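A.B. asks: Structure: start-v7.txt, compact mmCIF, N, CA and C atoms.
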```
# COMPACT_ATOMS: atom_id res chain seq x y z
N MET E 1 84.78 60.17 110.66
CA MET E 1 85.89 60.11 109.74
C MET E 1 85.63 60.97 108.51
N ALA E 2 84.38 60.98 108.04
CA ALA E 2 84.05 61.77 106.85
C ALA E 2 84.21 63.26 107.13
N SER E 3 83.88 63.70 108.35
CA SER E 3 83.98 65.12 108.65
C SER E 3 85.44 65.57 108.69
N ALA E 4 86.35 64.75 109.19
CA ALA E 4 87.77 65.08 109.19
C ALA E 4 88.29 65.15 107.76
N SER E 5 87.83 64.23 106.94
CA SER E 5 88.23 64.23 105.53
C SER E 5 87.68 65.45 104.81
N SER E 6 86.45 65.81 105.11
CA SER E 6 85.84 67.01 104.51
C SER E 6 86.56 68.27 104.95
N ALA E 7 86.96 68.32 106.21
CA ALA E 7 87.69 69.48 106.73
C ALA E 7 89.04 69.61 106.04
N ARG E 8 89.73 68.48 105.83
CA ARG E 8 91.03 68.52 105.14
C ARG E 8 90.85 68.98 103.70
N LEU E 9 89.81 68.50 103.05
CA LEU E 9 89.54 68.91 101.67
C LEU E 9 89.25 70.41 101.62
N ALA E 10 88.44 70.91 102.53
CA ALA E 10 88.13 72.34 102.57
C ALA E 10 89.40 73.15 102.79
N SER E 11 90.26 72.68 103.68
CA SER E 11 91.52 73.37 103.95
C SER E 11 92.41 73.38 102.71
N CYS E 12 92.49 72.27 102.01
CA CYS E 12 93.28 72.19 100.77
C CYS E 12 92.73 73.13 99.70
N LEU E 13 91.42 73.20 99.59
CA LEU E 13 90.82 74.09 98.60
C LEU E 13 91.10 75.55 98.93
N LYS E 14 91.04 75.91 100.21
CA LYS E 14 91.36 77.28 100.62
C LYS E 14 92.82 77.59 100.31
N SER E 15 93.71 76.65 100.60
CA SER E 15 95.13 76.86 100.31
C SER E 15 95.35 77.02 98.82
N ARG E 16 94.70 76.19 98.03
CA ARG E 16 94.85 76.29 96.58
C ARG E 16 94.34 77.64 96.08
N TYR E 17 93.20 78.09 96.60
CA TYR E 17 92.65 79.38 96.21
C TYR E 17 93.64 80.50 96.54
N LEU E 18 94.20 80.47 97.75
CA LEU E 18 95.14 81.49 98.17
C LEU E 18 96.34 81.54 97.23
N TRP E 19 96.91 80.40 96.90
CA TRP E 19 98.09 80.37 96.02
C TRP E 19 97.74 80.74 94.59
N GLU E 20 96.57 80.35 94.12
CA GLU E 20 96.16 80.77 92.77
C GLU E 20 95.97 82.28 92.72
N TYR E 21 95.35 82.84 93.76
CA TYR E 21 95.17 84.29 93.81
C TYR E 21 96.52 84.99 93.88
N ALA E 22 97.45 84.44 94.65
CA ALA E 22 98.80 85.01 94.74
C ALA E 22 99.47 85.00 93.37
N ARG E 23 99.32 83.92 92.62
CA ARG E 23 99.90 83.85 91.28
C ARG E 23 99.29 84.91 90.37
N HIS E 24 97.98 85.11 90.46
CA HIS E 24 97.34 86.16 89.68
C HIS E 24 97.86 87.54 90.10
N ALA E 25 98.00 87.74 91.40
CA ALA E 25 98.50 89.03 91.90
C ALA E 25 99.90 89.31 91.35
N VAL E 26 100.75 88.31 91.35
CA VAL E 26 102.11 88.49 90.82
C VAL E 26 102.04 88.83 89.34
N ARG E 27 101.18 88.18 88.58
CA ARG E 27 101.06 88.50 87.15
C ARG E 27 100.58 89.94 86.94
N ILE E 28 99.61 90.36 87.74
CA ILE E 28 99.10 91.73 87.62
C ILE E 28 100.19 92.74 87.98
N ILE E 29 100.87 92.49 89.08
CA ILE E 29 101.94 93.40 89.49
C ILE E 29 103.05 93.42 88.45
N ALA E 30 103.40 92.27 87.93
CA ALA E 30 104.46 92.20 86.90
C ALA E 30 104.07 92.98 85.65
N SER E 31 102.82 92.87 85.25
CA SER E 31 102.40 93.52 84.02
C SER E 31 102.27 95.04 84.17
N THR E 32 102.07 95.51 85.39
CA THR E 32 101.90 96.95 85.60
C THR E 32 103.16 97.65 86.10
N THR E 33 104.13 96.89 86.61
CA THR E 33 105.34 97.52 87.16
C THR E 33 106.61 97.14 86.43
N GLN E 34 106.55 96.09 85.60
CA GLN E 34 107.74 95.54 84.96
C GLN E 34 108.79 95.16 86.01
N ALA E 35 108.34 94.64 87.14
CA ALA E 35 109.24 94.21 88.21
C ALA E 35 110.12 93.07 87.72
N GLN E 36 111.31 93.01 88.29
CA GLN E 36 112.26 91.96 87.92
C GLN E 36 112.14 90.75 88.83
N GLY E 37 111.39 90.86 89.90
CA GLY E 37 111.16 89.78 90.84
C GLY E 37 110.03 90.17 91.77
N HIS E 38 109.67 89.26 92.65
CA HIS E 38 108.56 89.51 93.58
C HIS E 38 108.84 88.85 94.91
N ASN E 39 108.34 89.45 95.97
CA ASN E 39 108.33 88.83 97.30
C ASN E 39 106.88 88.59 97.68
N LEU E 40 106.62 87.41 98.21
CA LEU E 40 105.32 87.09 98.78
C LEU E 40 105.53 86.88 100.27
N GLY E 41 104.71 87.51 101.09
CA GLY E 41 104.79 87.34 102.53
C GLY E 41 103.43 87.04 103.09
N ILE E 42 103.39 86.19 104.10
CA ILE E 42 102.12 85.80 104.71
C ILE E 42 102.11 86.23 106.17
N ASN E 43 101.03 86.86 106.59
CA ASN E 43 100.80 87.20 107.99
C ASN E 43 99.70 86.27 108.48
N LEU E 44 99.97 85.55 109.55
CA LEU E 44 99.04 84.56 110.07
C LEU E 44 98.87 84.75 111.57
N GLY E 45 97.64 84.96 111.99
CA GLY E 45 97.32 85.04 113.40
C GLY E 45 97.19 86.44 113.95
N LYS E 46 96.68 86.51 115.14
CA LYS E 46 96.36 87.78 115.79
C LYS E 46 97.57 88.69 115.93
N ALA E 47 98.70 88.15 116.33
CA ALA E 47 99.90 88.97 116.55
C ALA E 47 100.58 89.37 115.26
N ALA E 48 100.15 88.81 114.15
CA ALA E 48 100.83 89.05 112.87
C ALA E 48 100.27 90.23 112.10
N GLY E 49 99.36 90.98 112.68
CA GLY E 49 99.00 92.20 112.00
C GLY E 49 97.55 92.58 111.92
N ALA E 50 96.64 91.65 112.08
CA ALA E 50 95.24 92.03 111.90
C ALA E 50 94.46 92.07 113.20
N GLY E 51 95.00 91.53 114.28
CA GLY E 51 94.30 91.51 115.55
C GLY E 51 93.18 90.50 115.62
N VAL E 52 93.09 89.62 114.62
CA VAL E 52 92.05 88.59 114.57
C VAL E 52 92.74 87.24 114.69
N GLU E 53 92.25 86.40 115.59
CA GLU E 53 92.93 85.15 115.95
C GLU E 53 93.29 84.27 114.75
N GLU E 54 92.36 83.98 113.88
CA GLU E 54 92.63 83.06 112.78
C GLU E 54 92.76 83.78 111.44
N HIS E 55 93.14 85.02 111.49
CA HIS E 55 93.28 85.83 110.27
C HIS E 55 94.53 85.43 109.49
N LEU E 56 94.43 85.49 108.18
CA LEU E 56 95.57 85.27 107.31
C LEU E 56 95.46 86.25 106.16
N HIS E 57 96.57 86.90 105.83
CA HIS E 57 96.60 87.69 104.61
C HIS E 57 97.99 87.63 104.01
N MET E 58 98.07 87.97 102.75
CA MET E 58 99.33 87.86 102.02
C MET E 58 99.68 89.21 101.41
N HIS E 59 100.96 89.48 101.37
CA HIS E 59 101.49 90.66 100.69
C HIS E 59 102.22 90.18 99.44
N ALA E 60 102.05 90.88 98.36
CA ALA E 60 102.79 90.61 97.12
C ALA E 60 103.49 91.91 96.75
N LEU E 61 104.81 91.89 96.71
CA LEU E 61 105.60 93.10 96.49
C LEU E 61 106.49 92.97 95.27
N PRO E 62 106.52 93.99 94.43
CA PRO E 62 107.43 93.98 93.29
C PRO E 62 108.86 94.27 93.75
N ARG E 63 109.83 93.69 93.08
CA ARG E 63 111.25 93.92 93.40
C ARG E 63 112.03 94.18 92.13
N TRP E 64 113.11 94.96 92.27
CA TRP E 64 114.00 95.26 91.16
C TRP E 64 115.44 95.06 91.61
N HIS E 65 116.30 94.74 90.65
CA HIS E 65 117.72 94.65 90.96
C HIS E 65 118.17 95.97 91.55
N GLY E 66 118.89 95.92 92.64
CA GLY E 66 119.39 97.14 93.25
C GLY E 66 118.54 97.67 94.39
N ASP E 67 117.26 97.26 94.49
CA ASP E 67 116.53 97.70 95.68
C ASP E 67 117.01 96.85 96.85
N THR E 68 116.95 97.38 98.02
CA THR E 68 117.52 96.66 99.15
C THR E 68 116.46 96.02 100.04
N ASN E 69 115.24 96.50 99.99
CA ASN E 69 114.14 95.90 100.75
C ASN E 69 112.83 96.52 100.28
N PHE E 70 111.76 96.22 100.97
CA PHE E 70 110.45 96.74 100.55
C PHE E 70 110.07 98.01 101.29
N MET E 71 110.99 98.62 102.00
CA MET E 71 110.65 99.81 102.78
C MET E 71 110.20 100.97 101.92
N HIS E 72 110.57 100.98 100.65
CA HIS E 72 110.10 102.07 99.81
C HIS E 72 108.58 102.09 99.72
N VAL E 73 107.96 100.93 99.86
CA VAL E 73 106.50 100.86 99.82
C VAL E 73 105.92 101.37 101.14
N VAL E 74 106.55 101.03 102.24
CA VAL E 74 106.03 101.35 103.56
C VAL E 74 106.44 102.75 104.02
N ALA E 75 107.68 103.14 103.77
CA ALA E 75 108.23 104.35 104.37
C ALA E 75 108.05 105.60 103.51
N GLY E 76 107.41 105.47 102.35
CA GLY E 76 107.15 106.64 101.55
C GLY E 76 108.29 107.05 100.64
N THR E 77 109.38 106.30 100.65
CA THR E 77 110.44 106.55 99.68
C THR E 77 110.21 105.60 98.53
N SER E 78 110.57 105.96 97.33
CA SER E 78 110.16 105.15 96.19
C SER E 78 111.29 104.88 95.22
N THR E 79 111.42 103.61 94.86
CA THR E 79 112.28 103.23 93.74
C THR E 79 111.41 102.94 92.53
N VAL E 80 110.09 103.02 92.73
CA VAL E 80 109.15 102.81 91.64
C VAL E 80 108.98 104.14 90.92
N PRO E 81 109.20 104.17 89.60
CA PRO E 81 109.16 105.45 88.90
C PRO E 81 107.75 106.00 88.64
N VAL E 82 106.75 105.42 89.30
CA VAL E 82 105.37 105.85 89.12
C VAL E 82 104.75 105.97 90.51
N ALA E 83 103.88 106.94 90.69
CA ALA E 83 103.19 107.10 91.97
C ALA E 83 102.37 105.86 92.29
N LEU E 84 102.33 105.48 93.56
CA LEU E 84 101.58 104.29 93.96
C LEU E 84 100.10 104.41 93.62
N GLU E 85 99.55 105.62 93.71
CA GLU E 85 98.13 105.81 93.38
C GLU E 85 97.88 105.50 91.91
N LEU E 86 98.80 105.89 91.04
CA LEU E 86 98.66 105.60 89.62
C LEU E 86 98.78 104.10 89.35
N LEU E 87 99.70 103.45 90.05
CA LEU E 87 99.81 101.99 89.90
C LEU E 87 98.52 101.31 90.33
N TRP E 88 97.94 101.75 91.44
CA TRP E 88 96.70 101.15 91.91
C TRP E 88 95.58 101.38 90.90
N ASP E 89 95.53 102.56 90.31
CA ASP E 89 94.52 102.83 89.28
C ASP E 89 94.66 101.86 88.11
N ARG E 90 95.88 101.48 87.79
CA ARG E 90 96.11 100.51 86.71
C ARG E 90 95.77 99.09 87.14
N MET E 91 96.08 98.75 88.39
CA MET E 91 95.88 97.38 88.88
C MET E 91 94.45 97.07 89.28
N ARG E 92 93.76 98.05 89.80
CA ARG E 92 92.44 97.81 90.38
C ARG E 92 91.47 97.08 89.44
N PRO E 93 91.33 97.51 88.18
CA PRO E 93 90.40 96.77 87.32
C PRO E 93 90.84 95.32 87.07
N LEU E 94 92.14 95.09 87.08
CA LEU E 94 92.63 93.73 86.89
C LEU E 94 92.29 92.85 88.09
N PHE E 95 92.43 93.41 89.30
CA PHE E 95 92.05 92.66 90.50
C PHE E 95 90.53 92.47 90.57
N LYS E 96 89.77 93.48 90.17
CA LYS E 96 88.31 93.35 90.16
C LYS E 96 87.86 92.23 89.24
N SER E 97 88.57 92.06 88.12
CA SER E 97 88.19 91.00 87.18
C SER E 97 88.40 89.62 87.79
N LEU E 98 89.31 89.49 88.76
CA LEU E 98 89.50 88.20 89.44
C LEU E 98 88.32 87.84 90.30
N ALA E 99 87.68 88.85 90.88
CA ALA E 99 86.53 88.59 91.75
C ALA E 99 85.39 87.94 90.99
N GLY E 100 85.30 88.20 89.72
CA GLY E 100 84.22 87.62 88.91
C GLY E 100 84.55 86.26 88.33
N SER E 101 85.81 85.82 88.49
CA SER E 101 86.18 84.52 87.90
C SER E 101 86.13 83.40 88.89
```
Translate the structure of the given file into structure tokens.

C.D. replies:
Amino acid sequence: MASASSARLASCLKSRYLWEYARHAVRIIASTTQAQGHNLGINLGKAAGAGVEEHLHMHALPRWHGDTNFMHVVAGTSTVPVALELLWDRMRPLFKSLAGS
């Protein structure tokens, strides 16, 4: 019984970590893009994108009034008035600081 309880606790802690990290990611993206909204998407499982059975990852995307979807990020067309490489240069140190906290 204790092992099932420990497993549930570990799962809850992982979920909490994921959502806390997502909240930090949204704050970083908001501060560097001045986005008017955000989409969070989760890919879970082998068929969802990583080819690893129990893999999970999350996407955090900035959104603005008038954009129609996130294809500008994927398809190379941009509604973001700054190059993605420049945005990453601005965001990277902020994400690195999360690794130390």

A.B. asks: Show me, as a list in words, the residues that have an atom within 8 Å of E:His55 when counting only C-alpha atoms, minus same-chain residues fewer than 2 positions from it.

C.D. replies: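 Listed by chain and then number, they are Asn43, Leu44, Gly45, Lys46, Ala50, Gly51, Val52, Glu53 and His57 of chain E.
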
A.B. asks: Could you check the closest approach to E:Ala30 for each of E:Asp67, E:Asp89, E:Ala4, E:Ala60 and tell me which residue wins, using only C-alpha atoms?

C.D. replies: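 Among the listed residues, the smallest separation from E:Ala30 belongs to E:Ala60.
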
A.B. asks: For E:Met91, which of E:Ile28, E:His59, E:Ala10, E:Gly41 is the closest residue, counting all atoms listed in the file?

C.D. replies: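 Distance minimum relative to E:Met91 lands on E:Ile28.
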
A.B. asks: Between E:Arg90, E:Ala99, E:Arg27, E:Gly49, single out the one closest to E:Leu61, counting only C-alpha atoms.

C.D. replies: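 Smallest separation from E:Leu61 among the options: E:Arg27.
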
A.B. asks: May I ask for the distance between atom C of E:Gln34 and atom C of E:Arg92, given in Å to one decimal place?

C.D. replies: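 Result for atom C of E:Gln34 versus atom C of E:Arg92: 17.8 Å, one decimal.
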